[in-house]
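Reading through the structure tokens given below for one structure.
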Amino acid sequence: MTVTASTTAASTATASTTPASTAAVSPVLALVQPVRRTHVVDIGANPIDGDPPYRDMLRSGLCRVTGFEPQPDALDELQRRKGPYETYLPDAIGDGATHTLRVAAASGMTSLYRPDPNRLGLFNGFTEWGRVLEEIPIDTRRLDDVAEVGAFDLLKIDIQGAELMVFENARQKLAEAVAIHTEVSFVPLYEDQPVFGDVDQELRRQGFIPHAFTAVKRWPIAPVVFGGDFRQAQHQLLEADVVYVRDFGRPETMTDEQLKQLALVAHHVYGSTDLAYRCLSVLGTRNAAAPDAPERYLTALR
């Protein structure tokens with residue numbers, strides 16, 4: 001995608017240029033006064049799963065988004081519906097090598113990894129959804145090598161098993177980020193797919209800790225069907241969306257701007273009042289926010 005001058009201007013707008021009407025929707029923005037608009041990077045931005053977690057923040061003009069989606073149909077839909085603070089690129093983000101994109105019968109199952117038929121057969125519906133329709137050679141780019149992406153604050157990623165590959169090749173840029181929203185698998189559905197424990201160890205090494213499970217997917221073990229619905233689960237865990245945040249127990253490792261951006265993301269994306277309060281408290285001790293900023297924040301919520 002060619003980034004036009006108008007797109008670039010919108011994307012680089014800072015918080016100081018945020019309209020008063022936009023500031024009014026945020027009880028945090030005026031308290032922290034960040035140097036730039038919150039930047040979200042969305043890898044695997046396919047809209048098939050519905051609205052992204054940062055939807056409200058984007059609609060309020062409080063963040064900008066740089067998204068990546070290599071599937072042409074999904075990319076076309078993103079381009080069709082995008083707003084002034086959204087840029088979408090066709091790149092597949094990975095380790096910089098050439099891989100094979102396995103296009104599956106269900107768009108959401110398309111992956112750089114080969115579906116494991118034995119694993120798919122364990123769960124109702126997945127044998128058909130994971131059926132590979134086409135294999136396409138695809139060049140990947142390391143996120144650290146993508147010049148179009150500067151400093152960003154929130155990484156949202158869902159690329160069917162290849163998340164760890166991205167994290168391992170984005171350590172430089174992730175050093176600036178304050179939150180990661182990632183899909184993790186408890187049971188691998190693809191051959192050699194990294195699972196939750198692998199992802200958790202890597203993100204902890206990069207200074208992040210788990211903050212929230214925003215979604216947990218359970219699935220019935222085939223061939224049992226509960227209540228006539230083959231999707232209705234009992235207990236078996238399959239996947240989850242997990243939010244990691246920079247370790248707020250070590251605030252000395254975070255800049256003022258990182259604390260400001262974490263406060264904004266915590267409040268507007270995840271409704272994490274306690275985490276936003278914690279960030280404001282640390283900023284107050286640094287004279288980077290008013291000493292009474294935490295209490296003013298709570299008062300604004302009442």
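Ordered as shown in the structure tokens, chains take letters A, B, and onward, while each chain numbers its residues from 1 and ligands are numbered from 1 in the order shown.
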
Find the residues near Asp256 (chain A): any atom within 7 Å, counting only C-alpha atoms, skip ones fewer than 2 places away on the same chain, and give them as a PDB file with all heavy atoms, in the first residue's frame.
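Once everything was written out, this is out.pdb:
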```
ATOM      1  N   MET A 254      10.724   1.603  32.946  1.00  0.00           N
ATOM      2  CA  MET A 254       9.802   2.233  32.010  1.00  0.00           C
ATOM      3  C   MET A 254      10.015   3.736  31.967  1.00  0.00           C
ATOM      4  O   MET A 254      10.239   4.380  32.997  1.00  0.00           O
ATOM      5  CB  MET A 254       8.352   1.926  32.404  1.00  0.00           C
ATOM      6  CG  MET A 254       8.025   0.440  32.424  1.00  0.00           C
ATOM      7  SD  MET A 254       6.359   0.099  33.076  1.00  0.00           S
ATOM      8  CE  MET A 254       5.351   0.845  31.789  1.00  0.00           C
ATOM      9  N   GLN A 258       6.137   5.621  28.309  1.00  0.00           N
ATOM     10  CA  GLN A 258       5.596   4.268  28.390  1.00  0.00           C
ATOM     11  C   GLN A 258       4.516   4.156  29.463  1.00  0.00           C
ATOM     12  O   GLN A 258       3.471   3.531  29.252  1.00  0.00           O
ATOM     13  CB  GLN A 258       6.714   3.265  28.655  1.00  0.00           C
ATOM     14  CG  GLN A 258       7.582   2.967  27.435  1.00  0.00           C
ATOM     15  CD  GLN A 258       8.695   1.997  27.743  1.00  0.00           C
ATOM     16  OE1 GLN A 258       9.423   2.157  28.726  1.00  0.00           O
ATOM     17  NE2 GLN A 258       8.843   0.973  26.919  1.00  0.00           N
ATOM     18  N   LEU A 259       4.743   4.779  30.600  1.00  0.00           N
ATOM     19  CA  LEU A 259       3.737   4.765  31.658  1.00  0.00           C
ATOM     20  C   LEU A 259       2.471   5.495  31.226  1.00  0.00           C
ATOM     21  O   LEU A 259       1.353   5.055  31.529  1.00  0.00           O
ATOM     22  CB  LEU A 259       4.303   5.397  32.928  1.00  0.00           C
ATOM     23  CG  LEU A 259       5.309   4.540  33.705  1.00  0.00           C
ATOM     24  CD1 LEU A 259       6.104   5.393  34.685  1.00  0.00           C
ATOM     25  CD2 LEU A 259       4.585   3.414  34.445  1.00  0.00           C
ATOM     26  N   LYS A 260       2.630   6.585  30.502  1.00  0.00           N
ATOM     27  CA  LYS A 260       1.467   7.324  30.011  1.00  0.00           C
ATOM     28  C   LYS A 260       0.673   6.487  29.011  1.00  0.00           C
ATOM     29  O   LYS A 260      -0.560   6.429  29.072  1.00  0.00           O
ATOM     30  CB  LYS A 260       1.925   8.640  29.367  1.00  0.00           C
ATOM     31  CG  LYS A 260       2.513   9.644  30.360  1.00  0.00           C
ATOM     32  CD  LYS A 260       3.056  10.876  29.654  1.00  0.00           C
ATOM     33  CE  LYS A 260       3.646  11.860  30.652  1.00  0.00           C
ATOM     34  NZ  LYS A 260       4.152  13.096  30.000  1.00  0.00           N
ATOM     35  N   LEU A 283       3.794   8.153  37.777  1.00  0.00           N
ATOM     36  CA  LEU A 283       4.053   9.405  37.080  1.00  0.00           C
ATOM     37  C   LEU A 283       4.016  10.583  38.041  1.00  0.00           C
ATOM     38  O   LEU A 283       4.809  11.535  37.917  1.00  0.00           O
ATOM     39  CB  LEU A 283       3.026   9.606  35.964  1.00  0.00           C
ATOM     40  CG  LEU A 283       3.185   8.682  34.749  1.00  0.00           C
ATOM     41  CD1 LEU A 283       1.937   8.726  33.876  1.00  0.00           C
ATOM     42  CD2 LEU A 283       4.416   9.078  33.932  1.00  0.00           C
ATOM     43  N   ALA A 288       5.865  13.806  36.517  1.00  0.00           N
ATOM     44  CA  ALA A 288       5.466  13.717  35.115  1.00  0.00           C
ATOM     45  C   ALA A 288       3.949  13.791  34.983  1.00  0.00           C
ATOM     46  O   ALA A 288       3.414  13.794  33.877  1.00  0.00           O
ATOM     47  CB  ALA A 288       5.975  12.418  34.507  1.00  0.00           C
TER      48      ALA A 288
END
```

From a DSSP calculation on the backbone, collect every residue of region 82-112 of chain A in strand (DSSP E or B) and output the set as a short mmCIF file (atom, residue, chain, number, x, y, z; two decimals) with all heavy atoms, in the first residue's frame.
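Output contents, as saved in selection.cif:
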```cif
data_model
loop_
_atom_site.label_atom_id
_atom_site.label_comp_id
_atom_site.auth_asym_id
_atom_site.auth_seq_id
_atom_site.Cartn_x
_atom_site.Cartn_y
_atom_site.Cartn_z
N GLU A 86 -6.05 4.86 10.14
CA GLU A 86 -5.74 3.46 9.89
C GLU A 86 -4.93 3.31 8.61
O GLU A 86 -5.26 3.89 7.57
CB GLU A 86 -7.02 2.63 9.76
CG GLU A 86 -7.87 2.62 11.03
CD GLU A 86 -9.25 2.03 10.77
OE1 GLU A 86 -9.34 0.79 10.66
OE2 GLU A 86 -10.21 2.81 10.67
N THR A 87 -3.87 2.52 8.68
CA THR A 87 -3.04 2.16 7.54
C THR A 87 -2.89 0.65 7.53
O THR A 87 -2.56 0.06 8.56
CB THR A 87 -1.65 2.82 7.63
OG1 THR A 87 -1.79 4.24 7.65
CG2 THR A 87 -0.77 2.40 6.46
N TYR A 88 -3.13 0.02 6.37
CA TYR A 88 -3.01 -1.43 6.27
C TYR A 88 -2.03 -1.81 5.18
O TYR A 88 -2.05 -1.23 4.08
CB TYR A 88 -4.39 -2.06 6.02
CG TYR A 88 -5.32 -1.85 7.19
CD1 TYR A 88 -6.31 -0.87 7.15
CD2 TYR A 88 -5.16 -2.59 8.36
CE1 TYR A 88 -7.14 -0.65 8.24
CE2 TYR A 88 -5.98 -2.37 9.46
CZ TYR A 88 -6.96 -1.41 9.39
OH TYR A 88 -7.76 -1.19 10.49
N LEU A 89 -1.18 -2.78 5.48
CA LEU A 89 -0.13 -3.22 4.58
C LEU A 89 -0.29 -4.71 4.30
O LEU A 89 -0.78 -5.46 5.16
CB LEU A 89 1.24 -2.94 5.21
CG LEU A 89 1.50 -1.47 5.57
CD1 LEU A 89 2.77 -1.34 6.40
CD2 LEU A 89 1.60 -0.62 4.32
N ALA A 92 3.34 -10.18 5.23
CA ALA A 92 3.28 -11.25 6.22
C ALA A 92 4.45 -11.04 7.16
O ALA A 92 5.62 -11.02 6.73
CB ALA A 92 3.38 -12.62 5.56
N ILE A 93 4.18 -10.85 8.43
CA ILE A 93 5.24 -10.60 9.40
C ILE A 93 5.69 -11.93 9.99
O ILE A 93 4.88 -12.78 10.36
CB ILE A 93 4.73 -9.65 10.51
CG1 ILE A 93 4.23 -8.35 9.89
CG2 ILE A 93 5.85 -9.36 11.51
CD1 ILE A 93 5.26 -7.59 9.08
N THR A 98 11.43 -17.02 3.65
CA THR A 98 10.31 -17.42 2.80
C THR A 98 9.66 -18.65 3.39
O THR A 98 10.32 -19.63 3.74
CB THR A 98 10.80 -17.71 1.38
OG1 THR A 98 11.39 -16.53 0.82
CG2 THR A 98 9.64 -18.15 0.49
N HIS A 99 8.35 -18.60 3.53
CA HIS A 99 7.58 -19.71 4.09
C HIS A 99 6.46 -20.08 3.12
O HIS A 99 6.32 -19.47 2.05
CB HIS A 99 6.99 -19.32 5.45
CG HIS A 99 8.01 -19.12 6.51
ND1 HIS A 99 8.45 -20.14 7.33
CD2 HIS A 99 8.71 -18.01 6.90
CE1 HIS A 99 9.35 -19.68 8.17
NE2 HIS A 99 9.53 -18.39 7.93
N THR A 100 5.67 -21.04 3.51
CA THR A 100 4.50 -21.43 2.74
C THR A 100 3.25 -21.05 3.51
O THR A 100 3.09 -21.45 4.67
CB THR A 100 4.49 -22.95 2.47
OG1 THR A 100 5.65 -23.30 1.73
CG2 THR A 100 3.25 -23.35 1.68
N LEU A 101 2.40 -20.25 2.88
CA LEU A 101 1.12 -19.90 3.49
C LEU A 101 0.10 -20.95 3.12
O LEU A 101 -0.18 -21.18 1.94
CB LEU A 101 0.66 -18.52 3.01
CG LEU A 101 -0.63 -17.98 3.65
CD1 LEU A 101 -0.40 -17.65 5.11
CD2 LEU A 101 -1.13 -16.75 2.89
N ARG A 102 -0.42 -21.65 4.14
CA ARG A 102 -1.44 -22.66 3.91
C ARG A 102 -2.81 -22.02 4.03
O ARG A 102 -3.26 -21.67 5.12
CB ARG A 102 -1.32 -23.80 4.91
CG ARG A 102 -0.26 -24.84 4.54
CD ARG A 102 1.10 -24.50 5.11
NE ARG A 102 2.08 -25.52 4.73
CZ ARG A 102 3.34 -25.52 5.16
NH1 ARG A 102 3.78 -24.57 5.97
NH2 ARG A 102 4.17 -26.46 4.76
N VAL A 103 -3.46 -21.84 2.88
CA VAL A 103 -4.78 -21.22 2.84
C VAL A 103 -5.81 -22.29 3.15
O VAL A 103 -5.94 -23.27 2.43
CB VAL A 103 -5.06 -20.59 1.47
CG1 VAL A 103 -6.45 -19.95 1.45
CG2 VAL A 103 -3.98 -19.56 1.13
N ALA A 104 -6.52 -22.11 4.25
CA ALA A 104 -7.45 -23.13 4.74
C ALA A 104 -8.88 -22.84 4.30
O ALA A 104 -9.22 -21.72 3.91
CB ALA A 104 -7.37 -23.22 6.26
N SER A 111 -2.55 -20.34 7.85
CA SER A 111 -1.37 -20.23 8.71
C SER A 111 -0.10 -20.54 7.93
O SER A 111 -0.12 -21.17 6.87
CB SER A 111 -1.51 -21.23 9.88
OG SER A 111 -0.35 -21.23 10.69
#
```

Between A:Glu135, A:Glu148, A:Glu239, A:Asp116, which one has atoms that come closest to Leu189 (chain A), using only C-alpha atoms?
->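 Under the stated criterion, the closest residue is A:Asp116.
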
Using only C-alpha atoms, which residues of region 154-243 of chain A come within 12 Å of region 40-61 of chain A, and what is the closest atom pair for each, with the distance in Å to one decimal? Give it as a tab-separated table, sorted by chain and residue number.
```
residue	atom	partner	partner_atom	distance
A:Leu154	CA	A:Val40	CA	4.8
A:Leu155	CA	A:Val41	CA	4.9
A:Lys156	CA	A:Asp42	CA	4.7
A:Ile157	CA	A:Ile43	CA	4.7
A:Asp158	CA	A:Gly44	CA	5.3
A:Ile159	CA	A:Gly44	CA	5.4
A:Gln160	CA	A:Gly44	CA	8.8
A:Gly161	CA	A:Gly44	CA	11.3
A:Ala162	CA	A:Gly44	CA	10.3
A:Glu163	CA	A:Ile43	CA	9.1
A:Val166	CA	A:Ile43	CA	9.2
A:Phe167	CA	A:Ile43	CA	11.2
A:Ala170	CA	A:Val41	CA	11.9
A:Lys173	CA	A:Val41	CA	10.9
A:Leu174	CA	A:Val41	CA	10.7
A:Glu176	CA	A:Val40	CA	11.9
A:Ala177	CA	A:Val40	CA	9.3
A:Val178	CA	A:Val40	CA	10.5
A:Ala179	CA	A:Val40	CA	9.6
A:Ile180	CA	A:Val41	CA	9.6
A:His181	CA	A:Pro53	CA	8.7
A:Thr182	CA	A:Ile43	CA	9.7
A:Glu183	CA	A:Gly44	CA	10.7
A:Thr214	CA	A:Pro53	CA	9.1
A:Ala215	CA	A:Pro53	CA	10.9
A:Asp241	CA	A:Pro53	CA	10.5
A:Val242	CA	A:Pro53	CA	11.6
A:Val243	CA	A:Pro53	CA	10.6
```

Mind dumping the selected residues with C-alpha atoms as a short mmCIF file (atom, residue, chain, number, x, y, z; two decimals), in the first residue's frame?
```cif
data_model
loop_
_atom_site.label_atom_id
_atom_site.label_comp_id
_atom_site.auth_asym_id
_atom_site.auth_seq_id
_atom_site.Cartn_x
_atom_site.Cartn_y
_atom_site.Cartn_z
CA LEU A 154 0.06 -1.97 21.76
CA LEU A 155 0.65 -5.03 19.61
CA LYS A 156 -2.41 -7.07 18.75
CA ILE A 157 -1.54 -10.33 17.01
CA ASP A 158 -3.44 -13.39 15.79
CA ILE A 159 -1.66 -15.37 13.08
CA GLN A 160 -2.54 -18.96 13.87
CA GLY A 161 0.52 -20.27 15.61
CA ALA A 162 3.24 -17.99 14.25
CA GLU A 163 3.05 -15.42 17.05
CA VAL A 166 7.10 -12.60 15.35
CA PHE A 167 8.02 -11.93 18.99
CA ALA A 170 10.64 -7.95 17.00
CA LYS A 173 10.57 -2.60 18.56
CA LEU A 174 8.80 -4.46 21.34
CA GLU A 176 9.13 0.36 23.30
CA ALA A 177 5.73 -1.35 23.55
CA VAL A 178 3.72 -1.52 26.75
CA ALA A 179 1.09 -4.15 25.94
CA ILE A 180 0.65 -7.22 23.75
CA HIS A 181 -2.70 -8.82 22.95
CA THR A 182 -2.00 -12.26 21.57
CA GLU A 183 -3.77 -15.49 20.79
CA THR A 214 -9.95 -11.49 27.40
CA ALA A 215 -11.35 -14.64 25.78
CA ASP A 241 -6.61 -14.30 23.94
CA VAL A 242 -4.11 -13.11 26.54
CA VAL A 243 -3.02 -9.58 27.34
#
```

field: Residue list (helix (DSSP H, G or I), DSSP) for region 217-300 of chain A, as an MDAnalysis selection string
entry: chainID A and resid 251:253 256:268 273:285 293:300

Can I get the selection written as a compact mmCIF listing (two decimals), in the first residue's frame, with N, CA, C and O atoms?
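Generated output (result-v5.txt):
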```txt
# COMPACT_ATOMS: atom_id res chain seq x y z
N PRO A 251 8.82 -0.28 37.70
CA PRO A 251 8.61 0.98 36.97
C PRO A 251 9.90 1.67 36.57
O PRO A 251 9.89 2.49 35.64
N GLU A 252 10.99 1.34 37.25
CA GLU A 252 12.27 1.96 36.91
C GLU A 252 12.74 1.58 35.51
O GLU A 252 13.61 2.24 34.93
N THR A 253 12.16 0.51 34.94
CA THR A 253 12.53 0.09 33.59
C THR A 253 11.68 0.77 32.53
O THR A 253 11.89 0.54 31.33
N ASP A 256 8.69 7.69 31.14
CA ASP A 256 7.44 8.40 31.42
C ASP A 256 6.42 8.16 30.31
O ASP A 256 5.24 7.94 30.58
N GLU A 257 6.88 8.20 29.07
CA GLU A 257 5.96 8.02 27.95
C GLU A 257 5.36 6.62 27.96
O GLU A 257 4.17 6.45 27.66
N GLN A 258 6.14 5.62 28.31
CA GLN A 258 5.60 4.27 28.39
C GLN A 258 4.52 4.16 29.46
O GLN A 258 3.47 3.53 29.25
N LEU A 259 4.74 4.78 30.60
CA LEU A 259 3.74 4.76 31.66
C LEU A 259 2.47 5.49 31.23
O LEU A 259 1.35 5.05 31.53
N LYS A 260 2.63 6.59 30.50
CA LYS A 260 1.47 7.32 30.01
C LYS A 260 0.67 6.49 29.01
O LYS A 260 -0.56 6.43 29.07
N GLN A 261 1.38 5.86 28.10
CA GLN A 261 0.69 5.04 27.10
C GLN A 261 0.05 3.81 27.74
O GLN A 261 -1.06 3.41 27.34
N LEU A 262 0.70 3.23 28.73
CA LEU A 262 0.10 2.08 29.41
C LEU A 262 -1.17 2.49 30.15
O LEU A 262 -2.16 1.74 30.17
N ALA A 263 -1.16 3.66 30.76
CA ALA A 263 -2.37 4.15 31.43
C ALA A 263 -3.52 4.29 30.43
O ALA A 263 -4.66 3.91 30.71
N LEU A 264 -3.22 4.83 29.26
CA LEU A 264 -4.26 5.01 28.24
C LEU A 264 -4.78 3.67 27.72
O LEU A 264 -6.00 3.47 27.61
N VAL A 265 -3.88 2.75 27.42
CA VAL A 265 -4.29 1.45 26.91
C VAL A 265 -5.06 0.68 27.98
O VAL A 265 -6.09 0.05 27.71
N ALA A 266 -4.56 0.73 29.22
CA ALA A 266 -5.21 0.01 30.31
C ALA A 266 -6.66 0.48 30.47
O ALA A 266 -7.58 -0.34 30.61
N HIS A 267 -6.86 1.79 30.44
CA HIS A 267 -8.22 2.31 30.64
C HIS A 267 -9.11 2.09 29.43
O HIS A 267 -10.22 1.56 29.55
N HIS A 268 -8.64 2.50 28.25
CA HIS A 268 -9.52 2.57 27.09
C HIS A 268 -9.71 1.23 26.38
O HIS A 268 -10.75 1.02 25.76
N THR A 273 -8.89 -0.24 35.50
CA THR A 273 -8.79 0.97 36.30
C THR A 273 -7.61 0.92 37.26
O THR A 273 -6.89 1.93 37.43
N ASP A 274 -7.38 -0.23 37.87
CA ASP A 274 -6.29 -0.33 38.85
C ASP A 274 -4.93 -0.16 38.21
O ASP A 274 -4.03 0.47 38.78
N LEU A 275 -4.76 -0.69 37.01
CA LEU A 275 -3.47 -0.55 36.32
C LEU A 275 -3.25 0.90 35.88
O LEU A 275 -2.15 1.44 36.02
N ALA A 276 -4.29 1.54 35.38
CA ALA A 276 -4.18 2.94 35.00
C ALA A 276 -3.83 3.80 36.21
O ALA A 276 -2.98 4.70 36.14
N TYR A 277 -4.49 3.52 37.34
CA TYR A 277 -4.20 4.24 38.59
C TYR A 277 -2.74 4.07 38.99
O TYR A 277 -2.07 5.02 39.39
N ARG A 278 -2.24 2.85 38.90
CA ARG A 278 -0.85 2.56 39.25
C ARG A 278 0.11 3.39 38.39
O ARG A 278 1.07 3.99 38.90
N CYS A 279 -0.15 3.46 37.10
CA CYS A 279 0.70 4.24 36.20
C CYS A 279 0.67 5.72 36.56
O CYS A 279 1.72 6.39 36.61
N LEU A 280 -0.52 6.23 36.86
CA LEU A 280 -0.64 7.64 37.24
C LEU A 280 0.09 7.93 38.54
O LEU A 280 0.71 9.00 38.71
N SER A 281 0.06 6.98 39.47
CA SER A 281 0.74 7.16 40.74
C SER A 281 2.25 7.28 40.54
O SER A 281 2.91 8.15 41.14
N VAL A 282 2.80 6.42 39.71
CA VAL A 282 4.24 6.46 39.45
C VAL A 282 4.61 7.76 38.74
O VAL A 282 5.61 8.41 39.08
N LEU A 283 3.79 8.15 37.78
CA LEU A 283 4.05 9.41 37.08
C LEU A 283 4.02 10.58 38.04
O LEU A 283 4.81 11.53 37.92
N GLY A 284 3.11 10.54 39.03
CA GLY A 284 3.04 11.61 40.02
C GLY A 284 4.31 11.72 40.84
O GLY A 284 4.78 12.83 41.13
N THR A 285 4.89 10.58 41.20
CA THR A 285 6.14 10.61 41.98
C THR A 285 7.31 11.14 41.17
O THR A 285 8.30 11.60 41.74
N ALA A 293 -3.24 13.32 40.32
CA ALA A 293 -3.77 12.72 39.10
C ALA A 293 -4.51 11.41 39.37
O ALA A 293 -5.59 11.19 38.81
N PRO A 294 -3.98 10.51 40.21
CA PRO A 294 -4.71 9.26 40.46
C PRO A 294 -6.11 9.48 41.03
O PRO A 294 -7.08 8.84 40.61
N GLU A 295 -6.23 10.40 42.00
CA GLU A 295 -7.53 10.65 42.60
C GLU A 295 -8.47 11.38 41.64
O GLU A 295 -9.68 11.13 41.63
N ARG A 296 -7.91 12.26 40.84
CA ARG A 296 -8.73 12.94 39.83
C ARG A 296 -9.27 11.93 38.83
O ARG A 296 -10.40 12.06 38.34
N TYR A 297 -8.48 10.94 38.52
CA TYR A 297 -8.90 9.89 37.60
C TYR A 297 -10.09 9.11 38.19
O TYR A 297 -11.12 8.92 37.52
N LEU A 298 -9.97 8.72 39.45
CA LEU A 298 -11.07 7.98 40.06
C LEU A 298 -12.33 8.83 40.18
O LEU A 298 -13.45 8.35 39.98
N THR A 299 -12.14 10.10 40.48
CA THR A 299 -13.29 11.01 40.58
C THR A 299 -14.02 11.12 39.25
O THR A 299 -15.25 11.15 39.19
N ALA A 300 -13.25 11.15 38.15
CA ALA A 300 -13.85 11.28 36.81
C ALA A 300 -14.66 10.05 36.45
O ALA A 300 -15.57 10.11 35.60
```

Q.
Ranking A:Thr66, A:Gln33, A:Asn118, A:Thr127 by minimum distance to Pro84 (chain A) and counting only C-alpha atoms, which one comes first?
A.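 Closest residue, counting only C-alpha atoms: A:Thr66.
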
Given only C-alpha atoms as the basis, pick out the residue of A:Glu134, A:Glu168, A:Ala240, A:Gly121 nearest to Phe213 (chain A).
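Residue with the minimum atom-to-atom distance to Phe213 (chain A): A:Ala240.
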
Judged by only C-alpha atoms, the minimum distance to Trp219 (chain A) among A:Trp129, A:Phe196, A:Phe152, A:Phe123 is found for A:Phe123

| said: Applying 7 Å and only C-alpha atoms, which residues near region 229-231 of chain A remain after dropping the ones on its own chain fewer than 2 positions away? List them as a PyMOL selection string. | reply: chain A and resi 124+219-220+225-227+233
